[in-house]
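Report on the following structure.
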Amino acid sequence: MIRIIMHGCNGKMGQFISSLAAQEETVQIVAGVDITGVQKNDYPVFTNIVDCDVEADVVIDFSNASAVDGLLDYCIAGKLPCVLCTTGLSEEQLARVEEAAKKTAILKSANMSVGINLLLKLLAEISPKLSEAGYDIEIVERHHNQKLDAPSGTALALADAVNDSCGQTYEHVFDRSSRRQKRPSKEIGISSVRGGTIVGDHDVIFAGADEVITLSHSAYSRGVFAKGALEAAKFLAGKPAGRYDMSDVIG
């Protein structure tokens with residue numbers, strides 16, 4: 001049985017994961033962390049992870065960027081593997097994640113969906129060919145009106161997959177309102193839409209002469225992310241220190 005601490009247990013994703021874990025025989029959430037301290041499930045809830053004294057094999061984090069520094073300190077001190085799903089981290093925090101991975105196992109992914117991670121692999125394969133052929137590249141992401149960060153971590157990961165495969169020759173552009181000029185060829189435009197209860201839609205658009213190729217992914221339920229997070233936790237438990245991502249989980 002893999003014992004899990006759910007960091008951010010009372011958030012929407014924390015509750016999805018808690019519900020799914022309760023249906024599985026190979027995992028158990030043994031403690032949760034939430035700033036409210038409210039107990040919604042059959043495990044104890046701590047307001048801060050530093051107060052958590054329950055033994056576990058791995059942490060799943062779906063919390064807030066402001067809580068990640070303390071989480072990393074806790075995982076380093078206890079040599080506890082961590083599935084880090086919180087987005088909107090600063091450059092300093094991202095650097096801390098890499099440092100933490102030298103001391104314990106850290107799996108960080110902007111999106112826990114298997115489909116998105118297969119899309120990342122596909123982009124790495126096709127982007128250089130379409131770039132060489134002169135296609136313009138745009139990314140449009142759509143999320144619910146409660147999402148705090150923009151663009152989404154997934155949109156940035158998609159842009160990075162394109163750019164990395166093309167030798168980092170593109171500039172990421174988030175706003176064109178302050179300029180009046182034709183579109184440069186070496187930029188990836190990233191646009192964000194916020195509204196309603198959209199779980200998560202991402203389009204990667206390759207626009208060429210007289211044709212457009214669009215790769216799309218739509219999530220209709222947070223369940224796809226919850227399932228991916230649990231699979232990641234199963235994979236990460238017992239792993240040596242290092243930096244992992246979902247590509248390691250899906251093989």
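Labels used: A, B, ... for chains in the order of the structure tokens, numbers from 1 for residues in each chain, and numbers from 1 for ligands as shown.
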*asked:* With only C-alpha atoms as the counted atoms, please give the residues lying no more than 9 Å from Tyr43 of chain A, apart from itself and same-chain residues fewer than 2 positions off, as a list of chain:residue names.
replied: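 The residues satisfying every condition are A:Ile29, A:Val30, A:Ala31, A:Gly32, A:Gln39, A:Lys40, A:Asn41, A:Val45.
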Would you mind exporting all heavy atoms of the selected residues as a compact mmCIF listing (two decimals), in the first residue's frame?
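What ended up in again_32.txt:
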# COMPACT_ATOMS: atom_id res chain seq x y z
N ILE A 29 -4.62 7.69 1.05
CA ILE A 29 -4.26 9.02 1.52
C ILE A 29 -4.30 8.98 3.05
O ILE A 29 -5.37 8.74 3.64
CB ILE A 29 -5.19 10.10 0.96
CG1 ILE A 29 -5.04 10.16 -0.56
CG2 ILE A 29 -4.86 11.47 1.57
CD1 ILE A 29 -5.88 11.21 -1.24
N VAL A 30 -3.16 9.19 3.66
CA VAL A 30 -3.05 9.05 5.12
C VAL A 30 -3.11 10.39 5.85
O VAL A 30 -3.29 10.43 7.07
CB VAL A 30 -1.75 8.30 5.50
CG1 VAL A 30 -1.82 6.86 5.01
CG2 VAL A 30 -0.52 9.02 4.94
N ALA A 31 -2.94 11.49 5.10
CA ALA A 31 -3.01 12.82 5.71
C ALA A 31 -3.23 13.86 4.62
O ALA A 31 -2.87 13.64 3.46
CB ALA A 31 -1.75 13.14 6.50
N GLY A 32 -3.80 14.97 5.02
CA GLY A 32 -3.99 16.07 4.09
C GLY A 32 -3.48 17.37 4.68
O GLY A 32 -3.32 17.49 5.90
N GLN A 39 -11.64 19.03 7.98
CA GLN A 39 -11.54 17.61 7.62
C GLN A 39 -12.78 17.21 6.83
O GLN A 39 -13.87 17.14 7.37
CB GLN A 39 -11.39 16.73 8.87
CG GLN A 39 -11.19 15.27 8.54
CD GLN A 39 -10.90 14.42 9.77
OE1 GLN A 39 -10.57 14.94 10.83
NE2 GLN A 39 -11.03 13.12 9.63
N LYS A 40 -12.58 16.94 5.54
CA LYS A 40 -13.69 16.54 4.66
C LYS A 40 -13.68 15.05 4.35
O LYS A 40 -14.65 14.53 3.81
CB LYS A 40 -13.62 17.33 3.35
CG LYS A 40 -13.84 18.83 3.49
CD LYS A 40 -13.86 19.51 2.13
CE LYS A 40 -14.14 20.99 2.24
NZ LYS A 40 -14.21 21.66 0.91
N ASN A 41 -12.56 14.39 4.65
CA ASN A 41 -12.42 12.97 4.35
C ASN A 41 -12.01 12.22 5.62
O ASN A 41 -11.98 12.79 6.70
CB ASN A 41 -11.40 12.78 3.23
CG ASN A 41 -11.75 13.57 1.98
OD1 ASN A 41 -11.34 14.73 1.84
ND2 ASN A 41 -12.51 12.98 1.09
N VAL A 45 -6.24 16.37 8.79
CA VAL A 45 -5.87 17.52 7.97
C VAL A 45 -5.08 18.50 8.83
O VAL A 45 -5.50 18.87 9.93
CB VAL A 45 -7.11 18.22 7.38
CG1 VAL A 45 -6.71 19.48 6.61
CG2 VAL A 45 -7.87 17.26 6.48
*Quick one: DSSP alpha helix (DSSP H) residues in segment 82-225 of chain A, as a ChimeraX atom specification?*
/A:91-100,114-132,153-165,223-225
Keeping only C-alpha atoms, write the selected residues to a file as a PDB file, in the first residue's frame.
ATOM      1  CA  GLU A  91      11.784  31.449 -11.678  1.00  0.00           C
ATOM      2  CA  GLU A  92      13.297  31.298  -8.197  1.00  0.00           C
ATOM      3  CA  GLN A  93      10.905  28.531  -7.193  1.00  0.00           C
ATOM      4  CA  LEU A  94      11.609  26.570 -10.353  1.00  0.00           C
ATOM      5  CA  ALA A  95      15.301  26.770  -9.528  1.00  0.00           C
ATOM      6  CA  ARG A  96      14.528  25.496  -6.016  1.00  0.00           C
ATOM      7  CA  VAL A  97      12.656  22.539  -7.519  1.00  0.00           C
ATOM      8  CA  GLU A  98      15.770  21.560  -9.465  1.00  0.00           C
ATOM      9  CA  GLU A  99      17.895  21.861  -6.315  1.00  0.00           C
ATOM     10  CA  ALA A 100      15.397  19.806  -4.316  1.00  0.00           C
ATOM     11  CA  VAL A 114      -1.737  11.247 -20.290  1.00  0.00           C
ATOM     12  CA  GLY A 115      -3.144  12.823 -23.457  1.00  0.00           C
ATOM     13  CA  ILE A 116      -1.337  16.129 -22.937  1.00  0.00           C
ATOM     14  CA  ASN A 117       1.939  14.357 -22.293  1.00  0.00           C
ATOM     15  CA  LEU A 118       1.586  12.315 -25.473  1.00  0.00           C
ATOM     16  CA  LEU A 119       0.850  15.598 -27.268  1.00  0.00           C
ATOM     17  CA  LEU A 120       4.123  17.016 -25.922  1.00  0.00           C
ATOM     18  CA  LYS A 121       5.983  14.083 -27.462  1.00  0.00           C
ATOM     19  CA  LEU A 122       4.169  14.552 -30.768  1.00  0.00           C
ATOM     20  CA  LEU A 123       5.022  18.265 -30.852  1.00  0.00           C
ATOM     21  CA  ALA A 124       8.700  17.499 -30.363  1.00  0.00           C
ATOM     22  CA  GLU A 125       8.547  15.312 -33.457  1.00  0.00           C
ATOM     23  CA  ILE A 126       6.577  17.472 -35.874  1.00  0.00           C
ATOM     24  CA  SER A 127       7.472  21.042 -34.865  1.00  0.00           C
ATOM     25  CA  PRO A 128      10.939  21.159 -36.516  1.00  0.00           C
ATOM     26  CA  LYS A 129       9.467  20.024 -39.840  1.00  0.00           C
ATOM     27  CA  LEU A 130       6.646  22.574 -39.780  1.00  0.00           C
ATOM     28  CA  SER A 131       8.960  25.324 -38.547  1.00  0.00           C
ATOM     29  CA  GLU A 132      11.353  24.685 -41.412  1.00  0.00           C
ATOM     30  CA  GLY A 153       1.413  25.961 -17.101  1.00  0.00           C
ATOM     31  CA  THR A 154       0.326  23.517 -19.784  1.00  0.00           C
ATOM     32  CA  ALA A 155       0.372  26.217 -22.478  1.00  0.00           C
ATOM     33  CA  LEU A 156       3.915  27.127 -21.454  1.00  0.00           C
ATOM     34  CA  ALA A 157       4.922  23.461 -21.519  1.00  0.00           C
ATOM     35  CA  LEU A 158       3.498  23.105 -25.033  1.00  0.00           C
ATOM     36  CA  ALA A 159       5.383  26.204 -26.166  1.00  0.00           C
ATOM     37  CA  ASP A 160       8.583  24.883 -24.590  1.00  0.00           C
ATOM     38  CA  ALA A 161       8.150  21.526 -26.338  1.00  0.00           C
ATOM     39  CA  VAL A 162       7.935  23.332 -29.676  1.00  0.00           C
ATOM     40  CA  ASN A 163      10.806  25.702 -28.932  1.00  0.00           C
ATOM     41  CA  ASP A 164      13.122  23.063 -27.507  1.00  0.00           C
ATOM     42  CA  SER A 165      12.665  20.848 -30.558  1.00  0.00           C
ATOM     43  CA  GLY A 223     -10.751  13.219 -13.211  1.00  0.00           C
ATOM     44  CA  VAL A 224      -8.141  12.880 -15.969  1.00  0.00           C
ATOM     45  CA  PHE A 225      -5.694  14.934 -13.899  1.00  0.00           C
TER      46      PHE A 225
END
*Apply DSSP to the structure's backbone, then extract all residues of segment 106-251 of chain A labelled strand (DSSP E) and return them as a ChimeraX atom specification.*
/A:106-108,136-143,171-173,187-194,200-208,211-219,242-244
_For a test of reading the model, state the distance in Å between atom CA of Gly70 of chain A and atom CA of Ser19 of chain A, rounded to one decimal._
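Taking atom CA of Gly70 of chain A and atom CA of Ser19 of chain A, their separation equals 25.6 Å.
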*Within 9 Å of segment 46-55 of chain A, counting only C-alpha atoms, which residues show up once you throw out same-chain ones fewer than 6 positions away? Write them as a list of chain:residue names, please.*
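Within the cut-off, the hits are A:Arg3, A:Ile4, A:Ile5, A:His7, A:Val30, A:Ala31, A:Gly32, A:Val33, A:Asp34, A:Ile35, A:Thr36, A:Gly37, A:Val38, A:Gln39, A:Ala67, A:Gly70, A:Leu71, A:Asp73, A:Tyr74.
The protein and nucleic acid residues lying at most 6 Å from His202 of chain A are Val140, Glu141, Ser216 and His217 of chain A, with only C-alpha atoms considered and sequence neighbours fewer than 6 positions away removed.
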*Compare A:Val193, A:Met112, A:Leu72, A:Met246 by their minimum atom-to-atom distance to Ile17 of chain A, counting only C-alpha atoms, and give me the closest one.*
A:Met112
*At what distance in Å, to one decimal, does atom CA of Gly14 of chain A lie from atom CA of Gly78 of chain A?*
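Taking atom CA of Gly78 of chain A and atom CA of Gly14 of chain A, their separation equals 21.9 Å.
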*asked:* Excluding Ser221 of chain A and its own-chain neighbours fewer than 4 positions away, which residues fall within 12 Å of it when counting only C-alpha atoms? Please give them as number ranges by chain.
replied: A: 12-13, 16, 113, 143-144, 197-201, 225-227
Keeping only all heavy atoms, write the selected residues as a short mmCIF file (atom, residue, chain, number, x, y, z; two decimals), in the first residue's frame.
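Result file is again_22.cif:
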data_model
loop_
_atom_site.label_atom_id
_atom_site.label_comp_id
_atom_site.auth_asym_id
_atom_site.auth_seq_id
_atom_site.Cartn_x
_atom_site.Cartn_y
_atom_site.Cartn_z
N LYS A 12 -10.30 21.69 -5.28
CA LYS A 12 -11.07 20.85 -6.20
C LYS A 12 -10.29 19.62 -6.62
O LYS A 12 -10.80 18.49 -6.62
CB LYS A 12 -11.50 21.66 -7.43
CG LYS A 12 -12.55 22.72 -7.12
CD LYS A 12 -12.94 23.50 -8.35
CE LYS A 12 -13.99 24.55 -8.01
NZ LYS A 12 -14.37 25.37 -9.19
N MET A 13 -9.00 19.81 -6.99
CA MET A 13 -8.19 18.67 -7.39
C MET A 13 -7.90 17.75 -6.22
O MET A 13 -7.89 16.52 -6.36
CB MET A 13 -6.89 19.13 -8.05
CG MET A 13 -7.05 19.59 -9.48
SD MET A 13 -7.87 18.37 -10.54
CE MET A 13 -6.88 16.93 -10.26
N PHE A 16 -10.91 15.61 -5.78
CA PHE A 16 -11.01 14.61 -6.86
C PHE A 16 -10.06 13.44 -6.58
O PHE A 16 -10.43 12.27 -6.70
CB PHE A 16 -10.66 15.25 -8.21
CG PHE A 16 -11.86 15.68 -9.01
CD1 PHE A 16 -12.28 17.00 -8.98
CD2 PHE A 16 -12.55 14.78 -9.79
CE1 PHE A 16 -13.37 17.41 -9.71
CE2 PHE A 16 -13.66 15.18 -10.52
CZ PHE A 16 -14.07 16.51 -10.49
N SER A 113 -2.36 14.97 -17.32
CA SER A 113 -3.11 14.18 -18.30
C SER A 113 -2.17 13.37 -19.18
O SER A 113 -1.17 13.88 -19.69
CB SER A 113 -3.95 15.11 -19.17
OG SER A 113 -4.27 14.51 -20.40
N HIS A 143 -9.57 28.20 -19.91
CA HIS A 143 -9.82 27.62 -18.60
C HIS A 143 -10.98 28.34 -17.90
O HIS A 143 -11.41 29.40 -18.34
CB HIS A 143 -8.58 27.69 -17.71
CG HIS A 143 -7.54 26.66 -18.04
ND1 HIS A 143 -6.58 26.87 -19.02
CD2 HIS A 143 -7.31 25.42 -17.56
CE1 HIS A 143 -5.80 25.80 -19.11
NE2 HIS A 143 -6.22 24.91 -18.23
N HIS A 144 -11.42 27.78 -16.80
CA HIS A 144 -12.52 28.33 -15.99
C HIS A 144 -12.14 29.69 -15.39
O HIS A 144 -10.97 30.05 -15.32
CB HIS A 144 -12.86 27.35 -14.86
CG HIS A 144 -11.67 26.95 -14.05
ND1 HIS A 144 -11.21 27.66 -12.95
CD2 HIS A 144 -10.81 25.90 -14.18
CE1 HIS A 144 -10.16 27.07 -12.45
NE2 HIS A 144 -9.87 26.00 -13.17
N THR A 197 -16.94 27.36 -16.65
CA THR A 197 -16.40 26.20 -15.94
C THR A 197 -15.51 25.34 -16.83
O THR A 197 -15.38 24.14 -16.61
CB THR A 197 -17.55 25.33 -15.39
OG1 THR A 197 -18.39 24.90 -16.47
CG2 THR A 197 -18.40 26.11 -14.39
N ILE A 198 -14.89 25.96 -17.83
CA ILE A 198 -14.03 25.22 -18.75
C ILE A 198 -12.92 24.53 -17.96
O ILE A 198 -12.14 25.19 -17.26
CB ILE A 198 -13.41 26.14 -19.81
CG1 ILE A 198 -14.50 26.87 -20.60
CG2 ILE A 198 -12.51 25.34 -20.76
CD1 ILE A 198 -13.96 27.98 -21.49
N VAL A 199 -12.83 23.23 -18.05
CA VAL A 199 -11.82 22.49 -17.29
C VAL A 199 -10.43 22.74 -17.85
O VAL A 199 -9.48 23.00 -17.10
CB VAL A 199 -12.14 20.98 -17.30
CG1 VAL A 199 -11.02 20.19 -16.62
CG2 VAL A 199 -13.47 20.72 -16.59
N GLY A 200 -10.30 22.68 -19.17
CA GLY A 200 -9.00 22.92 -19.78
C GLY A 200 -8.98 22.54 -21.25
O GLY A 200 -9.14 21.36 -21.57
N ASP A 201 -8.83 23.52 -22.13
CA ASP A 201 -8.70 23.28 -23.57
C ASP A 201 -7.39 23.90 -24.05
O ASP A 201 -7.05 25.03 -23.64
CB ASP A 201 -9.84 23.93 -24.36
CG ASP A 201 -11.19 23.28 -24.10
OD1 ASP A 201 -11.20 22.15 -23.57
OD2 ASP A 201 -12.21 23.90 -24.42
N PHE A 225 -6.88 14.46 -14.61
CA PHE A 225 -5.69 14.93 -13.90
C PHE A 225 -5.50 14.16 -12.59
O PHE A 225 -4.37 13.87 -12.19
CB PHE A 225 -5.80 16.43 -13.61
CG PHE A 225 -6.19 17.25 -14.82
CD1 PHE A 225 -7.26 18.12 -14.78
CD2 PHE A 225 -5.47 17.14 -16.01
CE1 PHE A 225 -7.62 18.87 -15.89
CE2 PHE A 225 -5.82 17.89 -17.12
CZ PHE A 225 -6.90 18.74 -17.07
N ALA A 226 -6.62 13.83 -11.94
CA ALA A 226 -6.55 13.06 -10.70
C ALA A 226 -5.97 11.68 -10.96
O ALA A 226 -5.10 11.21 -10.21
CB ALA A 226 -7.94 12.94 -10.08
N LYS A 227 -6.43 11.04 -12.00
CA LYS A 227 -5.92 9.70 -12.35
C LYS A 227 -4.43 9.77 -12.66
O LYS A 227 -3.64 8.93 -12.20
CB LYS A 227 -6.69 9.16 -13.55
CG LYS A 227 -6.22 7.78 -14.03
CD LYS A 227 -6.45 6.71 -12.98
CE LYS A 227 -6.07 5.34 -13.51
NZ LYS A 227 -6.19 4.29 -12.47
#
*To one decimal place, how far is atom CA of Arg183 of chain A from atom CA of Ser152 of chain A in Å?*
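Between atom CA of Arg183 of chain A and atom CA of Ser152 of chain A the gap is 22.8 Å.
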_Closest of A:Thr86, A:Ser218, A:Ser63, A:Leu148 to Val204 of chain A - atom-to-atom distances counting only C-alpha atoms_ = A:Ser218
*Would you please work out which residue, of A:Cys82, A:Cys166, A:Ala150, A:Ile205, is nearest to Lys239 of chain A when using only C-alpha atoms?*
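Closest to Lys239 of chain A of all the choices is A:Cys82.
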*Which of these, A:Gly88, A:Pro44, A:Gly238, A:Gly8, has the shortest distance to Asp61 of chain A once you count only C-alpha atoms?*
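Answer, going by the shortest atom-to-atom distance: A:Gly8.
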*Using only C-alpha atoms, determine which residues lie at most 7 Å from Ile2 of chain A, disregarding the query and same-chain residues fewer than 2 positions distant; provide the list as an MDAnalysis selection string.*
chainID A and resid 4 26:28 57 234
Output the selection as a PDB file, in the first residue's frame - C-alpha atoms for each residue.
ATOM      1  CA  ILE A   4       0.064   9.533   0.281  1.00  0.00           C
ATOM      2  CA  THR A  26      -3.013   0.032  -3.891  1.00  0.00           C
ATOM      3  CA  VAL A  27      -2.983   3.591  -2.503  1.00  0.00           C
ATOM      4  CA  GLN A  28      -4.208   5.338   0.627  1.00  0.00           C
ATOM      5  CA  ASP A  57       5.677   7.292   0.975  1.00  0.00           C
ATOM      6  CA  LYS A 234       2.612   5.079  -7.664  1.00  0.00           C
TER       7      LYS A 234
END
*Contacts of Tyr170 of chain A at 7 Å or less, counting only C-alpha atoms, minus same-chain residues fewer than 5 places along, as a list in words?*
Asn163, Lys186, Glu187 and Ile188 of chain A
